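Report on one structure; see the data block that follows.
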Amino acid sequence: MIQKKLLSRTCNTHGQDSSYFLGWQEYEKNPYDPITNPTGIIQMGLAENQLCFDLIESWLEKNPGPAGFQEDRALIFRQLALFQDYHGLPAFKNALVKYMGEVRGNRVRFNPTNLVLTAGSTCANEILMFCLADPGEAFLLPTPYYPGFDRDLKWRTGAEIVPVHCSSYNGFRITAAALEEAYHRAHKRGLTVKGVLVTNPSNPLGTAMTRRELDALVDFVVAKDIHLVSDEIYAGTSFAEPGFVSVAEVIADGRADVCRGRIHIVCSLSKDLGLPGFRVGGIYSENEAVVSAATKMSSFGLVSSQTQYLLAALLSDEAFTAEYVAENRRRLRERHDALVRGLRGIGIECLESGAGLFCWVDMRHLLSATTFEGEMELWKKIVYKVGLNISPGSSCHCDEPGWFRLCFANMSEDTLSLALRRLQTFVDSCRDRPHGSGGDGRPRRQFLTRWVLRSSPASDRKSER
């Protein structure tokens with residue numbers, strides 16, 4: 001107790017008591033392993049992409065020089081080991097912005113001088129909060145949103161989050177009315193709104209914003225004279241039409257004069273390349289003041305020169321990146337569809353999605369009561385009895401109890417099949433309720449919106465017609 005008293009108030013407001021983090025803690029106590037712990041908890045709460053490691057490993061075997069700190073067979077260890085300017089290695093920044101354009105279909109180009117390197121997207125988002133908002137000022141975030149934002153955006157910056165309430169009636173899409181309501185609610189609380197932050201593609205929904213939605217969002221921030229932060233770390237995980245549209249395309253299509261200085265993009269190599277341990281992220285902005293301030297603040301979270309050197313070589317290999325982008329999308333689509341089909345066979349539906357490393361899953365019919373207490377009761381059963389760590393919607397600030405995020409790209413196909421079998425057994429054990437009903441006795445399909453019912457692959461939908 002004495003040791004805790006010695007800490008500042010900041011150290012006691014991390015948000016680690018969220019069910020999102022508690023699920024991780026339970027998994028770490030009893031992690032599943034097919035050989036040593038086959039009854040352990042399967043981690044479905046971690047959005048990692050492990051589906052294409054073989055492609056990167058193959059490249060490393062064919063190109064041993066960069067990982068061995070060699071250039072033209074000459075050792076350059078000493079150059080890389082010494083202090084590097086926090087602006088980053090030019091070769092890496094050039095390769096990274098080219099790759100950013102590639103995953104966006106080369107519909108937009110990025111200038112390396114507008115890119116600030118950071119130690120992952122967590123660092124990037126926090127730096128932007130420091131740059132754009134003073135303590136006590138607010139950003140609007142559409143719900144549901146990534147649970148870590150309560151830590152990343154607020155913990156050390158003192159910024160406030162005001163939720164933009166979205167609902168399942170339209171697939172949790174952002175509306176102008178919801179933005180206005182959140183903006184006025186913030187002002188009633190005496191908060192100055194400095195901007196809107198969105199994840200596009202969305203975490204936890206796995207959906208991408210349409211061009212119409214992006215235009216409306218830009219109209220809103222321009223009208224309110226505030227900023228827009230577009231967290232696009234899942235840009236390279238888009239695997240289905242109509243595909244991902246970056247806010248950078250809005251800037252490029254004739255709106256630069258009114259929105260260039262107020263739009264900022266967060267990028268990362270953690271999700272598409274599956275390299276969260278490398279800690280590579282970035283802020284892209286055409287606001288010179290933001291770039292200047294963010295560059296200075298990035299000195300607290302730099303990307304190592306060794307990492308930059310290796311990835312500069314990897315991303316400069318155009319044949320590799322073209323193959324990787326295409327194959328990664330194919331494998332993500334295949335794994336996503338396997339999870340959706342498996343859940344559908346159990347009687348569980350998902351929100352229609354075409355990006356990300358997870359599905360937004362509707363388990364409202366399994367609740368004992370249509371409340372957040374009922375959601376937590378179900379979550380605890382799934383973690384402790386079923387042995388699956390999944391993320392409850394309440395941890396993502398979803399307004400409707402009964403939604404969960406399930407990740408699918410951080411495990412083998414066999415492990416995913418086992419997870420589905422465990423869930424099937426659990427659902428079968430709940431069949432003593434009235435057939436096809438939820439916790440309140442209503443038919444299950446009454447819970448399902450047209451957006452959820454469209455979630456299955458086209459081949460499955462044809463069989464319903």
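Chain labels A, B, ... are given in the sequence in which chains occur in the structure tokens; within each chain residues are numbered consecutively from 1, and ligands are likewise numbered from 1 in the order shown.
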
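If you count only C-alpha atoms and ignore residues fewer than 3 places along the chain from A:Ala177, what sits within 12 Å of it is Val164, His165, Cys166, Arg173, Ile174, Glu180, Glu181, Ala182, Tyr183, His184, Ala216, Leu217 and Phe220 of chain A.
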
Exercise. Which neighbours of A:Phe149 fall inside 10 Å, counting only C-alpha atoms, when residues of the same chain fewer than 2 positions from it are skipped, and could you give them as a list of chain:residue names?
Worked result: A:Gly15, A:Thr122, A:Asn125, A:Glu126, A:Leu141, A:Tyr145, A:Tyr146, A:Pro147, A:Arg151, A:Asp152, A:Leu153, A:Lys154, A:Trp155, A:Ile161, A:Cys396

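Between A:Ile265 and the residues A:Ile226, A:Val340, A:Ala252, A:Leu115, the shortest atom-to-atom distance, using only C-alpha atoms, involves A:Leu115.
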
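The strand (DSSP E) portion of stretch 229-323 of chain A consists of A:Val229, A:Ser230, A:Asp231, A:Ile263, A:His264, A:Ile265, A:Val266, A:Cys267, A:Ser268, A:Gly281, A:Gly282, A:Ile283, A:Tyr284, A:Ser285, with states taken from DSSP on the backbone.
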
Give me a file of those residues, with C-alpha atoms, as a PDB file, in the first residue's frame.
ATOM      1  CA  VAL A 229      -7.698  11.462 -37.033  1.00  0.00           C
ATOM      2  CA  SER A 230      -8.123   8.424 -39.256  1.00  0.00           C
ATOM      3  CA  ASP A 231      -6.513   5.345 -37.716  1.00  0.00           C
ATOM      4  CA  ILE A 263      -6.724  15.461 -41.354  1.00  0.00           C
ATOM      5  CA  HIS A 264      -4.113  13.128 -39.888  1.00  0.00           C
ATOM      6  CA  ILE A 265      -3.598   9.435 -40.670  1.00  0.00           C
ATOM      7  CA  VAL A 266      -2.183   6.779 -38.338  1.00  0.00           C
ATOM      8  CA  CYS A 267      -0.443   3.834 -39.997  1.00  0.00           C
ATOM      9  CA  SER A 268       1.336   0.708 -38.804  1.00  0.00           C
ATOM     10  CA  GLY A 281       3.930   2.977 -36.742  1.00  0.00           C
ATOM     11  CA  GLY A 282       3.580   6.445 -38.122  1.00  0.00           C
ATOM     12  CA  ILE A 283       1.648   9.688 -38.363  1.00  0.00           C
ATOM     13  CA  TYR A 284       0.961  11.104 -41.807  1.00  0.00           C
ATOM     14  CA  SER A 285      -0.140  14.737 -41.895  1.00  0.00           C
TER      15      SER A 285
END

Exercise. What lies within 10 Å of A:Met297 using only C-alpha atoms, ignoring chain neighbours under 5 positions off, as a PyMOL selection string?
Worked result: chain A and resi 86+116+118+123-124+126-128+130-131+291-292+302

Just the selected residues (C-alpha atoms), exported as a PDB file, in the first residue's frame, please.
ATOM      1  CA  TYR A  86      14.757  10.888 -35.031  1.00  0.00           C
ATOM      2  CA  VAL A 116       6.552  10.871 -38.631  1.00  0.00           C
ATOM      3  CA  THR A 118       6.655   6.164 -34.120  1.00  0.00           C
ATOM      4  CA  CYS A 123       2.539   5.823 -29.675  1.00  0.00           C
ATOM      5  CA  ALA A 124       1.233   7.572 -32.810  1.00  0.00           C
ATOM      6  CA  GLU A 126      -0.993   9.344 -28.098  1.00  0.00           C
ATOM      7  CA  ILE A 127       1.345  11.803 -29.791  1.00  0.00           C
ATOM      8  CA  LEU A 128      -1.543  13.135 -31.853  1.00  0.00           C
ATOM      9  CA  PHE A 130      -0.707  15.603 -27.155  1.00  0.00           C
ATOM     10  CA  CYS A 131      -0.426  17.687 -30.330  1.00  0.00           C
ATOM     11  CA  VAL A 291       4.534  17.161 -38.262  1.00  0.00           C
ATOM     12  CA  SER A 292       7.085  19.373 -36.527  1.00  0.00           C
ATOM     13  CA  LEU A 302      11.546   5.767 -31.842  1.00  0.00           C
TER      14      LEU A 302
END

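Closest approach to A:Cys359 from the set A:Val250, A:Leu55, A:Ala47, A:Leu117 is made by A:Ala47, with distances taken over only C-alpha atoms.
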
Problem set entry | helix (DSSP H, G or I) positions in stretch 112-286 of chain A, given as an NGL selection string | :A and (112-114 or 120-132 or 149-152 or 168-170 or 176-188 or 211-224 or 235-237 or 247-262 or 276-278)

For this session: List the neighbours of A:Ala186 out to 10 Å using only C-alpha atoms; skip same-chain residues closer than 3 positions along the sequence, and give me the result as JSON, numbers by chain.
Result: {"A": [137, 138, 139, 140, 160, 161, 162, 163, 180, 181, 182, 183, 189, 190, 191, 192, 193]}
